[in-house]
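J.: mmCIF, N, CA and C atoms, file upload-v7.cif:
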data_my_file
loop_
_atom_site.label_atom_id
_atom_site.label_comp_id
_atom_site.auth_asym_id
_atom_site.auth_seq_id
_atom_site.Cartn_x
_atom_site.Cartn_y
_atom_site.Cartn_z
N MET L 1 5.55 -0.43 38.90
CA MET L 1 5.33 -0.51 37.47
C MET L 1 4.57 0.72 37.00
N LYS L 2 4.93 1.22 35.81
CA LYS L 2 4.19 2.33 35.22
C LYS L 2 4.19 2.19 33.71
N ILE L 3 3.18 2.73 33.10
CA ILE L 3 3.09 2.78 31.64
C ILE L 3 4.06 3.86 31.18
N LEU L 4 4.90 3.55 30.22
CA LEU L 4 5.89 4.51 29.76
C LEU L 4 5.40 5.37 28.60
N GLU L 5 4.68 4.75 27.65
CA GLU L 5 4.23 5.49 26.48
C GLU L 5 3.29 4.62 25.66
N LEU L 6 2.66 5.21 24.68
CA LEU L 6 1.83 4.48 23.74
C LEU L 6 2.75 3.86 22.69
N GLY L 7 2.60 2.57 22.43
CA GLY L 7 3.49 1.89 21.47
C GLY L 7 2.97 1.91 20.05
N HIS L 8 1.69 1.55 19.87
CA HIS L 8 1.11 1.60 18.54
C HIS L 8 -0.41 1.58 18.62
N LEU L 9 -1.02 1.99 17.53
CA LEU L 9 -2.46 1.86 17.32
C LEU L 9 -2.62 0.90 16.17
N ALA L 10 -3.56 -0.03 16.27
CA ALA L 10 -3.77 -1.04 15.23
C ALA L 10 -5.12 -0.84 14.58
N PHE L 11 -5.14 -0.88 13.26
CA PHE L 11 -6.37 -0.73 12.50
C PHE L 11 -6.54 -1.90 11.55
N LYS L 12 -7.73 -2.45 11.51
CA LYS L 12 -8.11 -3.42 10.50
C LYS L 12 -8.61 -2.61 9.31
N CYS L 13 -7.98 -2.78 8.16
CA CYS L 13 -8.28 -1.95 7.00
C CYS L 13 -9.13 -2.71 5.98
N ARG L 14 -9.99 -1.99 5.29
CA ARG L 14 -10.71 -2.60 4.17
C ARG L 14 -9.77 -2.80 3.00
N ASP L 15 -8.88 -1.83 2.78
CA ASP L 15 -7.94 -1.86 1.67
C ASP L 15 -6.59 -1.43 2.22
N LEU L 16 -5.71 -2.40 2.45
CA LEU L 16 -4.41 -2.13 3.07
C LEU L 16 -3.63 -1.09 2.28
N ARG L 17 -3.62 -1.19 0.95
CA ARG L 17 -2.86 -0.25 0.11
C ARG L 17 -3.41 1.18 0.24
N ALA L 18 -4.73 1.33 0.21
CA ALA L 18 -5.33 2.67 0.31
C ALA L 18 -5.01 3.29 1.67
N SER L 19 -5.09 2.50 2.72
CA SER L 19 -4.79 3.03 4.06
C SER L 19 -3.32 3.40 4.18
N GLU L 20 -2.44 2.53 3.68
CA GLU L 20 -1.01 2.85 3.74
C GLU L 20 -0.72 4.12 2.94
N LYS L 21 -1.32 4.25 1.78
CA LYS L 21 -1.10 5.43 0.95
C LYS L 21 -1.55 6.70 1.68
N PHE L 22 -2.72 6.65 2.31
CA PHE L 22 -3.22 7.80 3.04
C PHE L 22 -2.26 8.19 4.17
N TYR L 23 -1.93 7.24 5.02
CA TYR L 23 -1.09 7.56 6.17
C TYR L 23 0.34 7.92 5.76
N SER L 24 0.81 7.38 4.64
CA SER L 24 2.17 7.70 4.17
C SER L 24 2.19 8.98 3.35
N ASP L 25 1.38 9.02 2.28
CA ASP L 25 1.43 10.15 1.35
C ASP L 25 0.79 11.42 1.91
N VAL L 26 -0.31 11.27 2.64
CA VAL L 26 -1.01 12.45 3.13
C VAL L 26 -0.46 12.90 4.47
N LEU L 27 -0.26 11.97 5.41
CA LEU L 27 0.19 12.36 6.75
C LEU L 27 1.69 12.23 6.97
N GLY L 28 2.39 11.61 6.03
CA GLY L 28 3.84 11.58 6.10
C GLY L 28 4.46 10.51 6.99
N PHE L 29 3.67 9.53 7.43
CA PHE L 29 4.24 8.44 8.23
C PHE L 29 5.07 7.56 7.31
N LYS L 30 6.17 7.06 7.80
CA LYS L 30 7.09 6.25 6.98
C LYS L 30 6.92 4.77 7.30
N ARG L 31 6.98 3.95 6.27
CA ARG L 31 6.91 2.50 6.46
C ARG L 31 8.14 2.07 7.24
N ALA L 32 7.92 1.36 8.34
CA ALA L 32 9.02 0.86 9.15
C ALA L 32 9.36 -0.57 8.73
N PHE L 33 8.34 -1.42 8.65
CA PHE L 33 8.52 -2.81 8.22
C PHE L 33 7.15 -3.42 8.00
N CYS L 34 7.14 -4.64 7.50
CA CYS L 34 5.87 -5.35 7.34
C CYS L 34 6.08 -6.80 7.75
N LEU L 35 4.98 -7.45 8.05
CA LEU L 35 4.96 -8.89 8.30
C LEU L 35 4.15 -9.50 7.17
N THR L 36 4.57 -10.66 6.72
CA THR L 36 3.86 -11.34 5.64
C THR L 36 3.11 -12.54 6.19
N TYR L 37 2.24 -13.08 5.37
CA TYR L 37 1.56 -14.31 5.76
C TYR L 37 2.58 -15.43 5.95
N GLY L 38 3.67 -15.38 5.20
CA GLY L 38 4.74 -16.37 5.36
C GLY L 38 5.35 -16.32 6.74
N ASP L 39 5.40 -15.14 7.34
CA ASP L 39 5.90 -15.02 8.71
C ASP L 39 5.03 -15.81 9.68
N ARG L 40 3.77 -15.99 9.32
CA ARG L 40 2.83 -16.77 10.14
C ARG L 40 2.88 -18.24 9.79
N GLY L 41 3.64 -18.60 8.73
CA GLY L 41 3.75 -19.99 8.33
C GLY L 41 2.83 -20.38 7.19
N ASP L 42 2.19 -19.41 6.53
CA ASP L 42 1.29 -19.69 5.42
C ASP L 42 2.10 -19.72 4.13
N SER L 43 2.38 -20.90 3.62
CA SER L 43 3.21 -21.02 2.42
C SER L 43 2.46 -20.67 1.15
N LEU L 44 1.12 -20.70 1.17
CA LEU L 44 0.36 -20.38 -0.03
C LEU L 44 0.37 -18.89 -0.35
N ARG L 45 0.46 -18.07 0.67
CA ARG L 45 0.48 -16.61 0.48
C ARG L 45 1.71 -16.01 1.15
N ALA L 46 2.81 -16.70 1.09
CA ALA L 46 4.00 -16.35 1.87
C ALA L 46 4.47 -14.91 1.66
N ASP L 47 4.37 -14.38 0.44
CA ASP L 47 4.89 -13.05 0.15
C ASP L 47 3.86 -11.94 0.34
N ARG L 48 2.62 -12.28 0.56
CA ARG L 48 1.58 -11.27 0.70
C ARG L 48 1.69 -10.59 2.06
N GLU L 49 1.57 -9.26 2.06
CA GLU L 49 1.69 -8.52 3.31
C GLU L 49 0.46 -8.72 4.19
N TRP L 50 0.73 -8.95 5.45
CA TRP L 50 -0.31 -9.19 6.44
C TRP L 50 -0.49 -7.96 7.32
N ILE L 51 0.62 -7.40 7.84
CA ILE L 51 0.59 -6.21 8.68
C ILE L 51 1.68 -5.25 8.20
N VAL L 52 1.32 -3.98 8.05
CA VAL L 52 2.29 -2.95 7.71
C VAL L 52 2.43 -2.04 8.92
N TYR L 53 3.67 -1.81 9.34
CA TYR L 53 3.96 -0.90 10.45
C TYR L 53 4.46 0.42 9.88
N LEU L 54 3.80 1.50 10.26
CA LEU L 54 4.20 2.83 9.85
C LEU L 54 4.71 3.59 11.07
N LYS L 55 5.83 4.26 10.90
CA LYS L 55 6.44 5.00 12.00
C LYS L 55 5.81 6.39 12.08
N VAL L 56 5.22 6.71 13.23
CA VAL L 56 4.60 8.01 13.46
C VAL L 56 5.64 8.96 14.06
N SER L 57 6.33 8.49 15.07
CA SER L 57 7.40 9.25 15.72
C SER L 57 8.44 8.24 16.19
N GLU L 58 9.41 8.67 16.94
CA GLU L 58 10.54 7.82 17.28
C GLU L 58 10.14 6.42 17.73
N ARG L 59 9.16 6.31 18.62
CA ARG L 59 8.79 4.98 19.13
C ARG L 59 7.28 4.73 19.09
N LEU L 60 6.59 5.45 18.22
CA LEU L 60 5.15 5.27 18.06
C LEU L 60 4.85 4.80 16.65
N PHE L 61 4.05 3.74 16.55
CA PHE L 61 3.74 3.15 15.25
C PHE L 61 2.24 3.03 15.03
N LEU L 62 1.86 3.02 13.77
CA LEU L 62 0.52 2.67 13.36
C LEU L 62 0.64 1.29 12.73
N GLU L 63 -0.22 0.38 13.12
CA GLU L 63 -0.17 -1.01 12.66
C GLU L 63 -1.42 -1.23 11.80
N LEU L 64 -1.22 -1.45 10.50
CA LEU L 64 -2.32 -1.63 9.56
C LEU L 64 -2.44 -3.10 9.18
N PHE L 65 -3.61 -3.69 9.42
CA PHE L 65 -3.85 -5.10 9.13
C PHE L 65 -4.57 -5.27 7.80
N ASP L 66 -4.10 -6.21 7.00
CA ASP L 66 -4.80 -6.64 5.80
C ASP L 66 -6.15 -7.22 6.24
N PRO L 67 -7.25 -6.95 5.53
CA PRO L 67 -8.55 -7.43 5.99
C PRO L 67 -8.65 -8.95 6.10
N GLU L 68 -8.03 -9.65 5.18
CA GLU L 68 -8.08 -11.11 5.23
C GLU L 68 -7.33 -11.62 6.45
N GLY L 69 -6.17 -11.06 6.71
CA GLY L 69 -5.39 -11.47 7.87
C GLY L 69 -6.08 -11.13 9.17
N ALA L 70 -6.76 -9.97 9.19
CA ALA L 70 -7.46 -9.58 10.41
C ALA L 70 -8.55 -10.58 10.75
N SER L 71 -9.26 -11.05 9.75
CA SER L 71 -10.33 -12.01 10.04
C SER L 71 -9.78 -13.37 10.43
N GLU L 72 -8.58 -13.70 9.98
CA GLU L 72 -7.98 -14.99 10.30
C GLU L 72 -7.33 -15.01 11.68
N MET L 73 -7.20 -13.87 12.31
CA MET L 73 -6.54 -13.82 13.62
C MET L 73 -7.32 -14.59 14.67
N ASN L 74 -8.64 -14.68 14.51
CA ASN L 74 -9.50 -15.37 15.47
C ASN L 74 -9.33 -14.85 16.89
N LEU L 75 -9.15 -13.56 17.02
CA LEU L 75 -9.04 -12.94 18.33
C LEU L 75 -10.44 -12.71 18.88
N PRO L 76 -10.62 -12.80 20.18
CA PRO L 76 -11.94 -12.53 20.76
C PRO L 76 -12.42 -11.13 20.41
N ASP L 77 -13.67 -11.01 20.02
CA ASP L 77 -14.31 -9.73 19.72
C ASP L 77 -13.63 -8.95 18.59
N TRP L 78 -12.94 -9.63 17.69
CA TRP L 78 -12.22 -8.93 16.62
C TRP L 78 -13.16 -8.09 15.76
N ASN L 79 -14.38 -8.55 15.56
CA ASN L 79 -15.32 -7.81 14.72
C ASN L 79 -16.11 -6.75 15.46
N ARG L 80 -15.92 -6.65 16.76
CA ARG L 80 -16.56 -5.60 17.54
C ARG L 80 -15.69 -4.36 17.48
N PHE L 81 -16.26 -3.27 17.10
CA PHE L 81 -15.48 -2.04 17.02
C PHE L 81 -15.80 -1.13 18.20
N ASN L 82 -14.78 -0.60 18.83
CA ASN L 82 -14.99 0.37 19.88
C ASN L 82 -14.01 1.53 19.75
N TYR L 83 -13.34 1.61 18.62
CA TYR L 83 -12.43 2.70 18.32
C TYR L 83 -13.21 4.01 18.26
N GLN L 84 -12.68 5.05 18.81
CA GLN L 84 -13.33 6.36 18.73
C GLN L 84 -12.62 7.27 17.73
N HIS L 85 -11.35 7.56 17.97
CA HIS L 85 -10.61 8.37 17.02
C HIS L 85 -9.13 8.40 17.37
N LEU L 86 -8.35 8.79 16.40
CA LEU L 86 -6.91 9.01 16.53
C LEU L 86 -6.72 10.52 16.60
N ALA L 87 -5.96 11.01 17.57
CA ALA L 87 -5.68 12.44 17.68
C ALA L 87 -4.20 12.67 17.40
N LEU L 88 -3.93 13.58 16.48
CA LEU L 88 -2.56 13.90 16.10
C LEU L 88 -2.31 15.38 16.37
N ILE L 89 -1.19 15.67 17.01
CA ILE L 89 -0.81 17.04 17.33
C ILE L 89 -0.04 17.61 16.14
N VAL L 90 -0.44 18.79 15.68
CA VAL L 90 0.23 19.44 14.55
C VAL L 90 0.73 20.82 14.99
N ASP L 91 1.64 21.37 14.21
CA ASP L 91 2.17 22.69 14.56
C ASP L 91 1.41 23.83 13.91
N ASP L 92 0.61 23.52 12.86
CA ASP L 92 -0.17 24.56 12.18
C ASP L 92 -1.45 23.92 11.65
N ILE L 93 -2.53 24.10 12.36
CA ILE L 93 -3.79 23.42 12.01
C ILE L 93 -4.36 23.91 10.68
N HIS L 94 -4.17 25.18 10.37
CA HIS L 94 -4.69 25.71 9.12
C HIS L 94 -3.89 25.17 7.93
N ALA L 95 -2.60 25.03 8.09
CA ALA L 95 -1.78 24.42 7.04
C ALA L 95 -2.14 22.94 6.88
N MET L 96 -2.45 22.26 7.98
CA MET L 96 -2.86 20.86 7.89
C MET L 96 -4.18 20.74 7.14
N ARG L 97 -5.11 21.66 7.39
CA ARG L 97 -6.38 21.64 6.69
C ARG L 97 -6.15 21.75 5.18
N GLU L 98 -5.30 22.68 4.77
CA GLU L 98 -5.01 22.87 3.34
C GLU L 98 -4.30 21.65 2.76
N HIS L 99 -3.40 21.08 3.54
CA HIS L 99 -2.68 19.89 3.10
C HIS L 99 -3.64 18.73 2.85
N LEU L 100 -4.54 18.49 3.81
CA LEU L 100 -5.53 17.42 3.65
C LEU L 100 -6.40 17.65 2.42
N ALA L 101 -6.89 18.87 2.28
CA ALA L 101 -7.75 19.21 1.15
C ALA L 101 -7.02 19.02 -0.18
N SER L 102 -5.74 19.38 -0.22
CA SER L 102 -4.98 19.24 -1.47
C SER L 102 -4.77 17.79 -1.87
N HIS L 103 -4.92 16.88 -0.90
CA HIS L 103 -4.81 15.45 -1.18
C HIS L 103 -6.18 14.78 -1.31
N GLY L 104 -7.23 15.56 -1.31
CA GLY L 104 -8.57 15.01 -1.45
C GLY L 104 -9.11 14.32 -0.22
N ALA L 105 -8.45 14.50 0.93
CA ALA L 105 -8.93 13.91 2.18
C ALA L 105 -10.16 14.69 2.64
N PRO L 106 -11.12 14.01 3.25
CA PRO L 106 -12.32 14.72 3.70
C PRO L 106 -12.02 15.69 4.84
N ILE L 107 -12.67 16.83 4.79
CA ILE L 107 -12.61 17.81 5.87
C ILE L 107 -13.97 17.75 6.54
N ASP L 108 -14.04 17.07 7.68
CA ASP L 108 -15.33 16.92 8.37
C ASP L 108 -15.70 18.15 9.16
N THR L 109 -14.72 18.83 9.73
CA THR L 109 -14.97 20.11 10.40
C THR L 109 -13.80 21.04 10.08
N GLU L 110 -14.10 22.30 10.04
CA GLU L 110 -13.06 23.30 9.85
C GLU L 110 -12.32 23.51 11.16
N PRO L 111 -11.09 24.03 11.11
CA PRO L 111 -10.37 24.30 12.35
C PRO L 111 -11.16 25.26 13.24
N GLU L 112 -11.23 24.91 14.53
CA GLU L 112 -11.91 25.77 15.49
C GLU L 112 -11.23 25.63 16.84
N LEU L 113 -11.30 26.67 17.62
CA LEU L 113 -10.73 26.65 18.96
C LEU L 113 -11.72 25.96 19.88
N GLY L 114 -11.31 24.86 20.50
CA GLY L 114 -12.19 24.10 21.38
C GLY L 114 -12.28 24.69 22.77
N VAL L 115 -13.20 24.15 23.56
CA VAL L 115 -13.39 24.65 24.92
C VAL L 115 -12.17 24.40 25.80
N ASP L 116 -11.27 23.52 25.34
CA ASP L 116 -10.04 23.24 26.07
C ASP L 116 -8.90 24.17 25.62
N ASN L 117 -9.25 25.22 24.86
CA ASN L 117 -8.27 26.19 24.34
C ASN L 117 -7.26 25.57 23.39
N THR L 118 -7.67 24.50 22.72
CA THR L 118 -6.83 23.84 21.74
C THR L 118 -7.54 23.87 20.38
N TRP L 119 -6.80 24.22 19.34
CA TRP L 119 -7.36 24.19 17.99
C TRP L 119 -7.61 22.74 17.59
N GLN L 120 -8.73 22.50 16.90
CA GLN L 120 -9.03 21.13 16.47
C GLN L 120 -9.79 21.16 15.15
N MET L 121 -9.66 20.09 14.42
CA MET L 121 -10.43 19.84 13.21
C MET L 121 -10.48 18.34 13.00
N TRP L 122 -11.39 17.88 12.14
CA TRP L 122 -11.60 16.44 11.96
C TRP L 122 -11.57 16.06 10.49
N SER L 123 -11.05 14.82 10.26
CA SER L 123 -11.02 14.21 8.94
C SER L 123 -11.24 12.71 9.13
N ARG L 124 -11.07 11.94 8.06
CA ARG L 124 -11.21 10.48 8.12
C ARG L 124 -10.20 9.83 7.19
N ASP L 125 -9.80 8.60 7.53
CA ASP L 125 -8.94 7.83 6.63
C ASP L 125 -9.83 7.07 5.64
N PRO L 126 -9.24 6.32 4.71
CA PRO L 126 -10.05 5.62 3.71
C PRO L 126 -11.03 4.60 4.29
N ASP L 127 -10.82 4.14 5.52
CA ASP L 127 -11.75 3.21 6.14
C ASP L 127 -12.82 3.92 6.97
N GLY L 128 -12.80 5.24 6.98
CA GLY L 128 -13.78 6.01 7.74
C GLY L 128 -13.39 6.23 9.19
N ASN L 129 -12.18 5.82 9.59
CA ASN L 129 -11.73 6.06 10.96
C ASN L 129 -11.53 7.55 11.17
N LYS L 130 -12.11 8.07 12.24
CA LYS L 130 -12.04 9.50 12.52
C LYS L 130 -10.63 9.87 13.00
N ILE L 131 -10.16 11.01 12.50
CA ILE L 131 -8.86 11.54 12.92
C ILE L 131 -9.07 12.99 13.35
N GLU L 132 -8.64 13.27 14.58
CA GLU L 132 -8.69 14.63 15.09
C GLU L 132 -7.28 15.22 14.98
N PHE L 133 -7.19 16.40 14.42
CA PHE L 133 -5.93 17.12 14.37
C PHE L 133 -6.03 18.25 15.38
N MET L 134 -5.00 18.38 16.21
CA MET L 134 -5.01 19.36 17.29
C MET L 134 -3.75 20.21 17.23
N GLN L 135 -3.91 21.49 17.53
CA GLN L 135 -2.77 22.39 17.68
C GLN L 135 -2.89 23.04 19.05
N TYR L 136 -1.90 22.77 19.90
CA TYR L 136 -1.91 23.34 21.23
C TYR L 136 -1.66 24.85 21.16
N THR L 137 -2.25 25.55 22.14
CA THR L 137 -1.97 26.97 22.34
C THR L 137 -1.30 27.11 23.71
N ASP L 138 -0.88 28.31 24.04
CA ASP L 138 -0.26 28.49 25.35
C ASP L 138 -1.27 28.39 26.49
N LYS L 139 -2.57 28.27 26.14
CA LYS L 139 -3.62 28.12 27.14
C LYS L 139 -4.28 26.74 27.09
N SER L 140 -3.78 25.83 26.27
CA SER L 140 -4.38 24.50 26.14
C SER L 140 -4.39 23.78 27.48
N PHE L 141 -5.57 23.27 27.84
CA PHE L 141 -5.69 22.53 29.10
C PHE L 141 -4.71 21.35 29.14
N GLN L 142 -4.43 20.74 28.00
CA GLN L 142 -3.52 19.59 27.95
C GLN L 142 -2.12 19.97 28.43
N LEU L 143 -1.78 21.25 28.32
CA LEU L 143 -0.44 21.71 28.73
C LEU L 143 -0.44 22.39 30.09
N VAL L 144 -1.50 23.15 30.39
CA VAL L 144 -1.49 23.95 31.61
C VAL L 144 -2.50 23.49 32.65
N GLY L 145 -3.31 22.51 32.31
CA GLY L 145 -4.37 22.08 33.22
C GLY L 145 -5.58 22.98 33.07
N ARG L 146 -6.55 22.71 33.87
CA ARG L 146 -7.79 23.50 33.77
C ARG L 146 -7.83 24.56 34.82
#
What does the file become when written as structure tokens?
T.:
Amino acid sequence: MKILELGHLAFKCRDLRASEKFYSDVLGFKRAFCLTYGDRGDSLRADREWIVYLKVSERLFLELFDPEGASEMNLPDWNRFNYQHLALIVDDIHAMREHLASHGAPIDTEPELGVDNTWQMWSRDPDGNKIEFMQYTDKSFQLVGR
């Protein structure tokens, strides 16, 4: 048995619409589908969206949870946060910086070449989740090792 790939990252959002807008309008992820409370059998809120799936790449998704639905999941440790950050590979880090700024997204750090020979910069989504943007170089440890 082996792990084949990352399937999705799931975020509990304070404002599902604001998060979807950020990931769709600013980062360009496309809505793949959604689940409603009705899918869970809740007839009182049957049409209200519970989870929105955004397509990042061919088989990678971002899963955004409505805050009410997230609290109703009753999953163990649901309110404990241990998320660190989402890292996205880009082809032009300086263009990404300008793109984020033009959409009013926070620029937490300017693009800089990291000790791993990879360009990086940081921003946040509307819920404050940290996002690292990376641009590989021909010397990036992620590609050539250390």
J.: Which residues would end up in the selection if the PyMOL selection byres (((chain L and resi 86 and name CA) around 9) and name CA) were applied here, given that I need the answer as a PyMOL selection string?
T.: chain L and resi 9+83-85+87-88+129-133
J.: Counting all atoms listed in the file, figure out which residue out of L:Arg59, L:Arg31, L:Arg45, L:Arg146 gets nearest to L:Gly7.
T.: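 Counting all atoms listed in the file, the residue closest to L:Gly7 is L:Arg59.
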J.: Once the PyMOL selection byres ((chain L and resi 137) around 6.5) has been applied to the shown file, what residues remain in the selection, as number ranges by chain?
T.: L: 117-119, 135-136, 138-140
J.: From the list L:Cys34, L:Met121, L:Val26, L:Leu6, which residue is nearest L:His103 when using only N, CA and C atoms?
T.: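 Of L:Cys34, L:Met121, L:Val26, L:Leu6, the one nearest L:His103, counting only N, CA and C atoms, is L:Val26.
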J.: Would you translate the PyMOL selection byres ((chain L and resi 125-127) around 8) into the concrete set of residues it matches in this file, as number ranges by chain?
T.: L: 12-15, 18-20, 22-23, 105-106, 123-124, 128-131
J.: Looking only at the backbone, which of the residues in stretch 6-146 of chain L does DSSP tag as strand (DSSP E), as a ChimeraX atom specification?
T.: /L:8-12,30-36,49-57,60-65,86-89,109-113,119-124,130-135
